[in-house]
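Asker: Sending over final_14.tsv (TSV, C-alpha atoms and all ligand atoms).
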```tsv
chain	number	residue	atom	x	y	z
S	553	MET	CA	-40.41	22.56	0.76
S	554	PRO	CA	-40.96	22.75	-3.04
S	555	ASP	CA	-41.66	26.27	-4.16
S	556	GLN	CA	-43.31	27.13	-7.46
S	557	THR	CA	-40.85	29.78	-8.61
S	558	GLU	CA	-37.88	27.69	-7.66
S	559	ASP	CA	-39.20	24.72	-9.60
S	560	LEU	CA	-39.81	26.85	-12.67
S	561	ASN	CA	-36.33	28.30	-12.52
S	562	ILE	CA	-34.85	24.84	-12.29
S	563	LEU	CA	-37.09	23.74	-15.12
S	564	HIS	CA	-35.83	26.49	-17.43
S	565	ALA	CA	-32.24	25.78	-16.49
S	566	ARG	CA	-32.75	22.14	-17.33
S	567	HIS	CA	-34.18	22.78	-20.76
S	568	GLY	CA	-30.84	24.29	-21.64
S	569	ARG	CA	-28.82	21.67	-19.85
S	570	TYR	CA	-30.54	18.46	-20.90
S	571	PRO	CA	-31.25	18.34	-24.66
S	572	GLN	CA	-34.10	16.10	-25.80
S	573	ALA	CA	-33.14	12.70	-27.21
S	574	ASP	CA	-35.18	12.02	-30.34
S	575	SER	CA	-33.18	9.34	-32.16
S	576	VAL	CA	-31.26	6.19	-31.33
S	577	GLU	CA	-28.07	8.15	-31.96
S	578	ASP	CA	-29.13	10.83	-29.45
S	579	PHE	CA	-29.72	8.10	-26.84
S	580	ARG	CA	-26.40	6.41	-27.62
S	581	ARG	CA	-24.60	9.72	-27.26
S	582	ASN	CA	-26.33	10.65	-23.99
S	583	LEU	CA	-25.79	7.18	-22.52
S	584	ALA	CA	-22.11	7.27	-23.49
S	585	ALA	CA	-21.73	10.74	-21.95
S	586	VAL	CA	-23.32	9.61	-18.67
S	587	GLN	CA	-21.18	6.45	-18.63
S	588	GLN	CA	-18.11	8.60	-19.16
S	589	ARG	CA	-19.07	10.81	-16.22
S	590	ILE	CA	-19.57	7.67	-14.12
S	591	VAL	CA	-16.08	6.48	-15.07
S	592	GLU	CA	-14.57	9.85	-14.16
S	593	ALA	CA	-16.37	10.03	-10.82
S	594	CYS	CA	-15.16	6.49	-10.02
S	595	ARG	CA	-11.60	7.42	-10.98
S	596	ARG	CA	-11.62	10.38	-8.59
S	597	VAL	CA	-12.26	8.09	-5.63
S	598	GLY	CA	-10.49	4.94	-6.81
S	599	ARG	CA	-13.63	2.88	-7.49
S	600	ASP	CA	-14.20	0.32	-10.24
S	601	PRO	CA	-16.89	1.63	-12.64
S	602	ALA	CA	-18.19	-1.95	-12.91
S	603	GLY	CA	-19.50	-1.43	-9.36
S	604	VAL	CA	-21.95	1.28	-10.49
S	605	ARG	CA	-25.15	0.35	-12.33
S	606	LEU	CA	-26.86	3.00	-14.44
S	607	LEU	CA	-30.67	2.83	-14.17
S	608	PRO	CA	-32.23	4.95	-16.95
S	609	VAL	CA	-35.41	6.67	-15.69
S	610	SER	CA	-38.05	7.00	-18.41
S	611	LYS	CA	-40.94	8.62	-16.51
S	612	THR	CA	-43.06	11.13	-18.49
S	613	PHE	CA	-41.52	10.07	-21.83
S	614	ASP	CA	-43.74	8.32	-24.35
S	615	GLU	CA	-43.53	4.81	-25.71
S	616	ALA	CA	-41.77	5.92	-28.91
S	617	HIS	CA	-38.93	7.44	-26.88
S	618	LEU	CA	-38.70	4.36	-24.65
S	619	ARG	CA	-38.35	2.21	-27.75
S	620	LEU	CA	-35.50	4.42	-28.95
S	621	ALA	CA	-33.81	3.99	-25.57
S	622	TYR	CA	-34.28	0.23	-25.89
S	623	ALA	CA	-32.75	0.30	-29.37
S	624	ALA	CA	-29.78	2.17	-27.87
S	625	GLY	CA	-29.26	-0.67	-25.40
S	626	CYS	CA	-31.45	0.02	-22.31
S	627	ARG	CA	-32.88	-3.22	-20.89
S	628	LEU	CA	-34.15	-1.94	-17.52
S	629	LEU	CA	-36.18	1.26	-17.21
S	630	GLY	CA	-37.14	3.13	-14.04
S	631	GLU	CA	-40.63	4.57	-13.60
S	632	ASN	CA	-41.91	6.58	-10.66
S	633	LYS	CA	-45.68	6.05	-10.95
S	634	VAL	CA	-47.36	2.66	-11.05
S	635	GLN	CA	-50.12	3.45	-13.52
S	636	GLU	CA	-47.75	5.03	-16.00
S	637	ALA	CA	-45.32	2.12	-15.65
S	638	GLN	CA	-48.06	-0.46	-16.11
S	639	ARG	CA	-49.39	1.26	-19.21
S	640	LYS	CA	-45.92	1.28	-20.77
S	641	TRP	CA	-45.23	-2.32	-19.78
S	642	GLU	CA	-48.48	-3.46	-21.41
S	643	ALA	CA	-47.68	-1.57	-24.59
S	644	MET	CA	-44.17	-3.00	-24.82
S	645	THR	CA	-44.47	-6.68	-23.95
S	646	ASP	CA	-43.10	-7.45	-27.43
S	647	LEU	CA	-39.67	-6.41	-26.06
S	648	GLN	CA	-39.28	-9.57	-24.04
S	649	ASP	CA	-36.00	-8.73	-22.34
S	650	LEU	CA	-37.09	-5.25	-21.23
S	651	GLN	CA	-37.48	-5.06	-17.44
S	652	TRP	CA	-39.07	-2.47	-15.18
S	653	SER	CA	-37.93	-0.90	-11.94
S	654	VAL	CA	-40.53	0.98	-9.88
S	655	ILE	CA	-38.69	3.77	-8.05
S	656	GLY	CA	-41.59	5.79	-6.60
S	657	HIS	CA	-43.84	5.52	-3.57
S	658	LEU	CA	-46.33	2.68	-3.69
S	659	GLN	CA	-49.80	2.51	-2.17
S	660	THR	CA	-50.89	-0.93	-0.98
S	661	ASN	CA	-53.79	-0.99	-3.44
S	662	LYS	CA	-51.27	-0.85	-6.32
S	663	ALA	CA	-49.11	-3.71	-5.03
S	664	LYS	CA	-51.01	-6.18	-7.17
S	665	GLN	CA	-49.96	-4.44	-10.40
S	666	VAL	CA	-46.35	-3.96	-9.36
S	667	ALA	CA	-46.06	-7.64	-8.41
S	668	ARG	CA	-47.06	-8.53	-11.96
S	669	PHE	CA	-44.73	-6.43	-14.07
S	670	ALA	CA	-41.81	-5.07	-12.03
S	671	SER	CA	-38.53	-6.86	-11.58
S	672	GLU	CA	-37.36	-4.39	-8.95
S	673	PHE	CA	-38.97	-2.03	-6.45
S	674	GLN	CA	-36.78	0.69	-4.98
S	675	ALA	CA	-39.11	2.59	-2.67
S	676	LEU	CA	-40.08	0.12	0.06
S	677	ASP	CA	-40.83	2.11	3.19
S	678	SER	CA	-43.65	0.41	5.06
S	679	LEU	CA	-44.62	-2.97	6.46
S	680	ARG	CA	-48.03	-2.71	4.88
S	681	VAL	CA	-46.53	-2.42	1.42
S	682	ALA	CA	-44.12	-5.28	2.13
S	683	GLU	CA	-47.05	-7.46	3.22
S	684	ALA	CA	-49.15	-6.54	0.21
S	685	LEU	CA	-46.32	-7.17	-2.26
S	686	ASP	CA	-45.32	-10.46	-0.64
S	687	ARG	CA	-48.89	-11.72	-0.69
S	688	ARG	CA	-49.24	-10.95	-4.41
S	689	LEU	CA	-45.83	-12.30	-5.32
S	690	ARG	CA	-46.58	-15.62	-3.58
S	691	ILE	CA	-49.75	-16.00	-5.63
S	692	LEU	CA	-47.77	-15.34	-8.82
S	693	ASP	CA	-44.85	-17.51	-7.66
S	694	ARG	CA	-42.46	-14.61	-8.29
S	695	GLN	CA	-39.72	-12.86	-6.36
S	696	MET	CA	-38.61	-9.25	-6.54
S	697	ASP	CA	-35.47	-7.26	-5.72
S	698	VAL	CA	-36.28	-4.45	-3.31
S	699	PHE	CA	-34.50	-1.43	-1.87
S	700	VAL	CA	-35.54	0.14	1.41
S	701	GLN	CA	-36.08	3.88	0.95
S	702	VAL	CA	-34.59	6.11	3.63
S	703	ASN	CA	-35.35	9.79	4.15
S	704	THR	CA	-31.86	11.24	4.53
S	705	SER	CA	-32.82	14.88	4.02
S	706	GLY	CA	-35.28	15.22	6.87
S	707	GLU	CA	-37.73	16.92	4.50
S	708	ALA	CA	-41.37	16.16	5.20
S	709	SER	CA	-41.99	16.09	1.44
S	710	LYS	CA	-39.82	13.02	0.93
S	711	TYR	CA	-41.03	9.48	1.46
S	712	GLY	CA	-38.85	6.92	3.16
S	713	LEU	CA	-38.11	5.59	6.62
S	714	ALA	CA	-36.37	7.74	9.19
S	715	PRO	CA	-32.77	6.47	9.49
S	716	ASP	CA	-33.43	5.38	13.09
S	717	ASP	CA	-36.29	3.12	12.02
S	718	VAL	CA	-34.40	1.15	9.38
S	719	ALA	CA	-32.80	-1.48	11.66
S	720	ALA	CA	-36.16	-2.56	13.13
S	721	PHE	CA	-37.72	-2.57	9.66
S	722	LEU	CA	-35.02	-4.87	8.29
S	723	GLU	CA	-35.64	-7.29	11.17
S	724	THR	CA	-39.15	-7.88	9.80
S	725	MET	CA	-38.01	-8.66	6.24
S	726	PRO	CA	-37.33	-12.42	6.65
S	727	ALA	CA	-41.11	-12.81	7.05
S	728	PHE	CA	-41.44	-11.87	3.36
S	729	PRO	CA	-39.43	-14.45	1.44
S	730	THR	CA	-40.48	-13.16	-2.00
S	731	LEU	CA	-38.77	-9.82	-1.31
S	732	ARG	CA	-35.02	-9.95	-1.86
S	733	VAL	CA	-33.62	-6.94	-0.02
S	734	ARG	CA	-30.61	-5.66	-1.97
S	735	GLY	CA	-29.84	-2.42	-0.19
S	736	LEU	CA	-30.95	1.12	0.60
S	737	MET	CA	-32.25	3.93	-1.59
S	738	THR	CA	-32.52	7.66	-1.02
S	739	LEU	CA	-33.39	10.94	-2.67
S	740	ALA	CA	-31.04	13.73	-1.64
S	741	LEU	CA	-32.13	17.18	-0.71
S	742	PHE	CA	-33.46	18.87	-3.85
S	743	SER	CA	-30.74	21.44	-4.31
S	744	ALA	CA	-28.09	22.41	-6.84
S	745	ASP	CA	-25.72	22.97	-3.93
S	746	ALA	CA	-23.28	20.07	-3.49
S	747	VAL	CA	-22.51	21.17	0.05
S	748	ARG	CA	-26.11	20.45	1.01
S	749	VAL	CA	-26.59	17.34	-1.16
S	750	ARG	CA	-23.50	15.36	-0.19
S	751	PRO	CA	-24.38	14.85	3.50
S	752	CYS	CA	-27.55	12.97	2.43
S	753	PHE	CA	-25.45	10.44	0.53
S	754	VAL	CA	-22.93	10.19	3.36
S	755	ARG	CA	-25.80	9.54	5.78
S	756	LEU	CA	-27.11	6.65	3.67
S	757	ARG	CA	-23.66	5.05	3.34
S	758	GLU	CA	-22.90	5.36	7.04
S	759	LEU	CA	-26.28	3.89	7.92
S	760	ARG	CA	-25.61	0.96	5.59
S	761	ASP	CA	-22.16	0.43	7.07
S	762	ARG	CA	-23.61	0.39	10.58
S	763	LEU	CA	-26.46	-1.99	9.76
S	764	ARG	CA	-24.57	-4.31	7.46
S	765	HIS	CA	-23.20	-6.52	10.20
S	766	CYS	CA	-26.46	-6.96	12.08
S	767	ALA	CA	-28.82	-7.41	9.11
S	768	PRO	CA	-30.82	-10.66	9.33
S	769	ASP	CA	-30.03	-13.64	7.11
S	770	GLY	CA	-31.16	-13.16	3.53
S	771	VAL	CA	-31.14	-9.38	3.82
S	772	SER	CA	-28.31	-7.87	1.78
S	773	LEU	CA	-27.24	-4.26	2.16
S	774	GLN	CA	-24.76	-4.45	-0.69
S	775	GLU	CA	-26.47	-1.82	-2.82
S	776	LEU	CA	-26.83	1.93	-2.36
S	777	SER	CA	-29.23	3.51	-4.87
S	778	MET	CA	-28.56	7.24	-4.78
S	779	GLY	CA	-27.91	10.02	-7.27
S	780	MET	CA	-29.89	11.43	-10.22
S	781	SER	CA	-29.03	13.60	-13.25
S	782	GLY	CA	-28.11	16.60	-11.11
S	783	ASP	CA	-26.06	14.84	-8.45
S	784	PHE	CA	-25.02	11.33	-9.49
S	785	GLU	CA	-21.30	12.09	-9.53
S	786	ILE	CA	-21.42	13.20	-5.89
S	787	ALA	CA	-23.39	10.05	-5.06
S	788	ILE	CA	-20.77	7.86	-6.74
S	789	GLU	CA	-18.01	9.59	-4.81
S	790	GLU	CA	-19.94	8.66	-1.66
S	791	GLY	CA	-20.49	5.02	-2.59
S	792	ALA	CA	-23.55	4.72	-4.87
S	793	THR	CA	-23.83	1.33	-6.59
S	794	VAL	CA	-26.98	2.32	-8.53
S	795	VAL	CA	-27.59	5.77	-10.04
S	796	ARG	CA	-31.09	6.62	-11.31
S	797	VAL	CA	-30.70	8.97	-14.26
S	798	GLY	CA	-33.56	10.37	-16.33
S	799	GLN	CA	-33.06	13.81	-17.82
S	800	ALA	CA	-29.38	13.43	-18.71
S	801	ILE	CA	-30.42	10.49	-20.94
S	802	PHE	CA	-33.93	11.36	-22.15
S	803	GLY	CA	-33.79	15.16	-22.02
S	804	ALA	CA	-35.42	17.70	-19.74
S	805	ARG	CA	-38.86	16.90	-18.37
S	806	ALA	CA	-41.65	19.45	-18.58
S	807	MET	CA	-42.68	18.57	-15.03
S	808	PRO	CA	-41.36	20.07	-11.82
S	809	ASP	CA	-39.81	17.29	-9.75
S	810	ALA	CA	-42.11	18.08	-6.85
S	811	TYR	CA	-44.91	16.61	-8.96
S	812	TYR	CA	-43.29	13.25	-8.38
S	813	TRP	CA	-42.54	13.71	-4.72
S	814	PRO	CA	-45.57	15.71	-3.69
S	815	THR	CA	-46.68	17.02	-0.38
S	816	ALA	CA	-50.38	17.33	0.18
S	817	ASP	CA	-50.35	21.12	0.01
S	818	ALA	CA	-47.77	21.54	-2.77
S	819	ARG	CA	-49.69	19.48	-5.27
S	820	PRO	CA	-52.50	21.83	-6.35
S	821	LEU	CA	-49.91	24.56	-6.80
S	822	ILE	CA	-47.85	22.32	-9.02
S	823	GLU	CA	-50.81	21.28	-11.11
S	824	ASP	CA	-51.54	24.96	-11.75
S	825	THR	CA	-47.93	25.40	-12.76
S	826	LEU	CA	-48.21	22.52	-15.19
S	827	LEU	CA	-51.35	23.93	-16.76
S	828	SER	CA	-49.66	27.26	-17.24
S	829	ILE	CA	-46.53	25.84	-18.86
S	830	THR	CA	-47.90	22.99	-20.94
S	831	PRO	CA	-49.46	25.00	-23.82
S	832	SER	CA	-46.23	26.86	-24.47
S	833	ARG	CA	-44.18	23.71	-25.09
L	901	LIG	C1	-37.28	11.07	-11.64
L	901	LIG	C2	-36.50	10.33	-10.64
L	901	LIG	C3	-35.11	10.16	-10.80
L	901	LIG	C4	-34.33	10.73	-11.97
L	901	LIG	O1	-34.30	12.12	-11.97
L	901	LIG	P1	-33.59	12.90	-13.18
L	901	LIG	O2	-33.49	14.29	-12.74
L	901	LIG	O3	-34.49	12.73	-14.36
L	901	LIG	O4	-32.28	12.22	-13.41
L	901	LIG	C5	-34.44	9.44	-9.82
L	901	LIG	N1	-35.09	8.90	-8.77
L	901	LIG	C6	-36.42	9.03	-8.60
L	901	LIG	C7	-37.07	8.41	-7.42
L	901	LIG	C8	-37.17	9.74	-9.53
L	901	LIG	O5	-38.49	9.86	-9.36
```
So, in terms of C-alpha cells, how does the structure I just supplied come out?
Ligand SMILES: *Cc1c(COP(=O)(O)O)cnc(C)c1O
Answerer:
Amino acid sequence: MPDQTEDLNILHARHGRYPQADSVEDFRRNLAAVQQRIVEACRRVGRDPAGVRLLPVSKTFDEAHLRLAYAAGCRLLGENKVQEAQRKWEAMTDLQDLQWSVIGHLQTNKAKQVARFASEFQALDSLRVAEALDRRLRILDRQMDVFVQVNTSGEASKYGLAPDDVAAFLETMPAFPTLRVRGLMTLALFSADAVRVRPCFVRLRELRDRLRHCAPDGVSLQELSMGMSGDFEIAIEEGATVVRVGQAIFGARAMPDAYYWPTADARPLIEDTLLSITPSR
C-alpha cells in the first residue's frame, strides 16, 4: 500500500541518486551507464546483452527533454498515461522514426487513441481492452505488439492479471489478430529490498516457462518485460528481455510512483503531496 511518507523519502533519495539530464551529452552518458549496468548484470548470469532491450521511459518529462533523448539515440519511448503520450506524439510527428510504447493501464475509452499512435502496448490485462484495441486497429489496418500484464506482487494497488488467470486469457488472444502477443510484463513490489523484489521476477519467468508450451498459435511468450531504474539488474538476472528505465536516464521525477499506479484511496493523498512539493522545486 503506497504511503505518503514512504513515497516522499524515496523521492528525496532519488533526487540524489538520479541526476537530471539536460543536454544530449547528459543523455548519452546516462544511456551508456545504464547499458554498462545491463552488460554487467548479463555477465553475472551468463546472458548475452543483445537479448535485453532497453526501453527508455519518458513520462512526466517535457518535449524538449524527449528531443534531447532522441538526439542521443532513443527511437522508442515509454509513456504511462495515454493523454500525455498522445500529446507528445502529436508534438513530435516531425521525428518520423520515433515510436511510442504505452506501458500503463488503459481504459477502453482510450483504446482509440492508443491504436493510432502506439507501436507497442505493455499493459494488456482485460478482454474488454483487447476487444476495443482490436476493433480500432482493424479500422486503421494496423497491428500492435502487446504484452500481457501480470500482478506478481499480490498488491491490490497493481494492475494486471492474477497469475492463475493468464493461461485462460491467452487462449482468447487468437480472436484478436491485430494484437501480436510478445510476452508478459510485470511491476515488482515497490521496495528497495532485493529480497522482496526478486520473487516477483522469478514468478513471472516461471509462469512464462509453464505457459510457453501450451500457448495458442500466434501467441509468443518470448519476452519478459520487467525491471525499472531501481531493480532492472535483478530483473535481468531473472530473465528480463525488456527493461523499462526512466529515472536512471532522464533524472529523478518529482512525482511519487504511486501517482502512476494509484489505488482509489491513495490518490487524493498523493495529489496533496504533489501540491505541497511542487512549489519548492
Ligand atoms: C515509470 C514506469 C517505469 C520506469 O520507472 P523508473 O523508476 O523511472 O525507471 C517502468 N514501468 C512502468 C509501468 C512505469 O510506469
Asker: Which residue out of S:Ile788, S:Ala804, S:Leu618, S:Cys626 has the minimum interatomic distance to ligand LIG 901 (chain L) when only C-alpha atoms and all ligand atoms are used?
Answerer: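 Checking each of S:Ile788, S:Ala804, S:Leu618, S:Cys626 against ligand LIG 901 (chain L), counting only C-alpha atoms and all ligand atoms, the winner is S:Ala804.
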Asker: Output the neighbourhood of ligand LIG 901 (chain L) as an MDAnalysis selection string, that is, all protein and nucleic acid residues with some atom at most 6 Å from the ligand, counting only C-alpha atoms and all ligand atoms.
Answerer: chainID S and resid 609 632 655:656 780:781 796:799 812
Asker: Give the answer as one residue: which of S:Gly712, S:Gly803, S:Pro601, S:Pro751 has the shortest atom-to-atom distance to Leu736 of chain S, using only C-alpha atoms?
Answerer: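 Ranking S:Gly712, S:Gly803, S:Pro601, S:Pro751 by distance to Leu736 of chain S, first place goes to S:Gly712.
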Asker: Hey, what's within 12 Å of Glu758 of chain S if we count all atoms listed in the file and toss same-chain stuff fewer than 2 positions away? As a list in words, please?
Answerer: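 Listing them by chain and then by number gives Thr704, Pro715, Leu736, Pro751, Cys752, Phe753, Val754, Arg755, Leu756, Arg760, Asp761, Arg762, Leu763, Arg764, Leu773, Leu776, Glu790, Gly791 and Ala792 of chain S.
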Asker: Could those selected residues go to a file with C-alpha atoms, as a compact mmCIF listing (two decimals), keeping the file's coordinate frame?
Answerer:
```
# COMPACT_ATOMS: atom_id res chain seq x y z
CA THR S 704 -31.86 11.24 4.53
CA PRO S 715 -32.77 6.47 9.49
CA LEU S 736 -30.95 1.12 0.60
CA PRO S 751 -24.38 14.85 3.50
CA CYS S 752 -27.55 12.97 2.43
CA PHE S 753 -25.45 10.44 0.53
CA VAL S 754 -22.93 10.19 3.36
CA ARG S 755 -25.80 9.54 5.78
CA LEU S 756 -27.11 6.65 3.67
CA ARG S 760 -25.61 0.96 5.59
CA ASP S 761 -22.16 0.43 7.07
CA ARG S 762 -23.61 0.39 10.58
CA LEU S 763 -26.46 -1.99 9.76
CA ARG S 764 -24.57 -4.31 7.46
CA LEU S 773 -27.24 -4.26 2.16
CA LEU S 776 -26.83 1.93 -2.36
CA GLU S 790 -19.94 8.66 -1.66
CA GLY S 791 -20.49 5.02 -2.59
CA ALA S 792 -23.55 4.72 -4.87
```
Asker: For a quick check of understanding, using all atoms listed in the file, which of S:Ala573, S:Val794, S:Val747, S:Met725 has the smallest distance to Gln674 of chain S?
Answerer: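 That would be S:Val794, the residue with the smallest distance to Gln674 of chain S.
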Asker: My list of candidates is S:Met644, S:Val604, S:Val576, S:Ala708. Which is closest to Gln588 of chain S when distances are computed with all atoms listed in the file?
Answerer: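 Closest to Gln588 of chain S, using all atoms listed in the file: S:Val604.
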Asker: List as a VMD selection string the residues having at least one atom at most 12 Å from position (-48.7, -5.6, -19.7) as given in the file, counting only C-alpha atoms.
Answerer: chain S and resid 635 to 648 650 to 652 665 to 670
Asker: Would you work out the distance separating atom CA of Asp717 of chain S from atom CA of Thr730 of chain S, expressed in Å to one decimal?
Answerer: 21.9 Å
Asker: For the atom pair atom CA of Arg688 of chain S and atom CA of Val700 of chain S, what is the interatomic distance in Å to one decimal place?
Answerer: 18.6 Å
Asker: What would the file be for segment 648-668 of chain S if you keep N, CA and C atoms and write it as a PDB file, in the first residue's frame?
Answerer:
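Writing the result to result25.pdb gives the following:
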```
ATOM      1  N   GLN S 648      10.163  11.208 -37.588  1.00  0.00           N
ATOM      2  CA  GLN S 648       9.348  10.150 -38.186  1.00  0.00           C
ATOM      3  C   GLN S 648       9.693   8.748 -37.707  1.00  0.00           C
ATOM      4  N   ASP S 649      10.911   8.538 -37.239  1.00  0.00           N
ATOM      5  CA  ASP S 649      11.253   7.181 -36.791  1.00  0.00           C
ATOM      6  C   ASP S 649      11.161   7.035 -35.270  1.00  0.00           C
ATOM      7  N   LEU S 650      10.511   7.993 -34.611  1.00  0.00           N
ATOM      8  CA  LEU S 650      10.310   7.863 -33.164  1.00  0.00           C
ATOM      9  C   LEU S 650       9.024   7.079 -32.909  1.00  0.00           C
ATOM     10  N   GLN S 651       9.118   6.010 -32.110  1.00  0.00           N
ATOM     11  CA  GLN S 651       7.953   5.177 -31.821  1.00  0.00           C
ATOM     12  C   GLN S 651       7.594   5.237 -30.338  1.00  0.00           C
ATOM     13  N   TRP S 652       6.361   4.853 -30.051  1.00  0.00           N
ATOM     14  CA  TRP S 652       5.822   5.010 -28.699  1.00  0.00           C
ATOM     15  C   TRP S 652       5.333   3.687 -28.135  1.00  0.00           C
ATOM     16  N   SER S 653       5.698   3.437 -26.891  1.00  0.00           N
ATOM     17  CA  SER S 653       5.242   2.248 -26.183  1.00  0.00           C
ATOM     18  C   SER S 653       4.389   2.713 -24.999  1.00  0.00           C
ATOM     19  N   VAL S 654       3.137   2.279 -24.945  1.00  0.00           N
ATOM     20  CA  VAL S 654       2.279   2.619 -23.806  1.00  0.00           C
ATOM     21  C   VAL S 654       2.428   1.520 -22.766  1.00  0.00           C
ATOM     22  N   ILE S 655       2.886   1.902 -21.559  1.00  0.00           N
ATOM     23  CA  ILE S 655       3.231   0.892 -20.553  1.00  0.00           C
ATOM     24  C   ILE S 655       2.314   0.948 -19.341  1.00  0.00           C
ATOM     25  N   GLY S 656       1.281   1.815 -19.398  1.00  0.00           N
ATOM     26  CA  GLY S 656       0.382   1.946 -18.246  1.00  0.00           C
ATOM     27  C   GLY S 656      -1.022   1.464 -18.555  1.00  0.00           C
ATOM     28  N   HIS S 657      -1.791   1.275 -17.515  1.00  0.00           N
ATOM     29  CA  HIS S 657      -3.168   0.788 -17.613  1.00  0.00           C
ATOM     30  C   HIS S 657      -3.989   1.596 -18.615  1.00  0.00           C
ATOM     31  N   LEU S 658      -4.805   0.895 -19.363  1.00  0.00           N
ATOM     32  CA  LEU S 658      -5.608   1.539 -20.401  1.00  0.00           C
ATOM     33  C   LEU S 658      -7.088   1.323 -20.118  1.00  0.00           C
ATOM     34  N   GLN S 659      -7.862   2.411 -20.246  1.00  0.00           N
ATOM     35  CA  GLN S 659      -9.315   2.273 -20.172  1.00  0.00           C
ATOM     36  C   GLN S 659      -9.836   2.115 -21.589  1.00  0.00           C
ATOM     37  N   THR S 660     -10.926   1.361 -21.740  1.00  0.00           N
ATOM     38  CA  THR S 660     -11.410   1.055 -23.097  1.00  0.00           C
ATOM     39  C   THR S 660     -11.696   2.322 -23.897  1.00  0.00           C
ATOM     40  N   ASN S 661     -12.128   3.383 -23.216  1.00  0.00           N
ATOM     41  CA  ASN S 661     -12.459   4.601 -23.976  1.00  0.00           C
ATOM     42  C   ASN S 661     -11.220   5.327 -24.513  1.00  0.00           C
ATOM     43  N   LYS S 662     -10.031   4.861 -24.139  1.00  0.00           N
ATOM     44  CA  LYS S 662      -8.799   5.449 -24.679  1.00  0.00           C
ATOM     45  C   LYS S 662      -8.149   4.554 -25.734  1.00  0.00           C
ATOM     46  N   ALA S 663      -8.773   3.422 -26.009  1.00  0.00           N
ATOM     47  CA  ALA S 663      -8.175   2.465 -26.955  1.00  0.00           C
ATOM     48  C   ALA S 663      -8.029   3.082 -28.342  1.00  0.00           C
ATOM     49  N   LYS S 664      -8.990   3.927 -28.685  1.00  0.00           N
ATOM     50  CA  LYS S 664      -8.969   4.552 -29.999  1.00  0.00           C
ATOM     51  C   LYS S 664      -7.678   5.347 -30.211  1.00  0.00           C
ATOM     52  N   GLN S 665      -7.285   6.139 -29.210  1.00  0.00           N
ATOM     53  CA  GLN S 665      -6.062   6.933 -29.328  1.00  0.00           C
ATOM     54  C   GLN S 665      -4.828   6.039 -29.410  1.00  0.00           C
ATOM     55  N   VAL S 666      -4.775   5.071 -28.504  1.00  0.00           N
ATOM     56  CA  VAL S 666      -3.590   4.205 -28.466  1.00  0.00           C
ATOM     57  C   VAL S 666      -3.406   3.471 -29.795  1.00  0.00           C
ATOM     58  N   ALA S 667      -4.523   3.036 -30.381  1.00  0.00           N
ATOM     59  CA  ALA S 667      -4.444   2.325 -31.669  1.00  0.00           C
ATOM     60  C   ALA S 667      -3.836   3.209 -32.749  1.00  0.00           C
ATOM     61  N   ARG S 668      -4.001   4.513 -32.609  1.00  0.00           N
ATOM     62  CA  ARG S 668      -3.470   5.422 -33.632  1.00  0.00           C
ATOM     63  C   ARG S 668      -1.969   5.623 -33.516  1.00  0.00           C
TER      64      ARG S 668
END
```
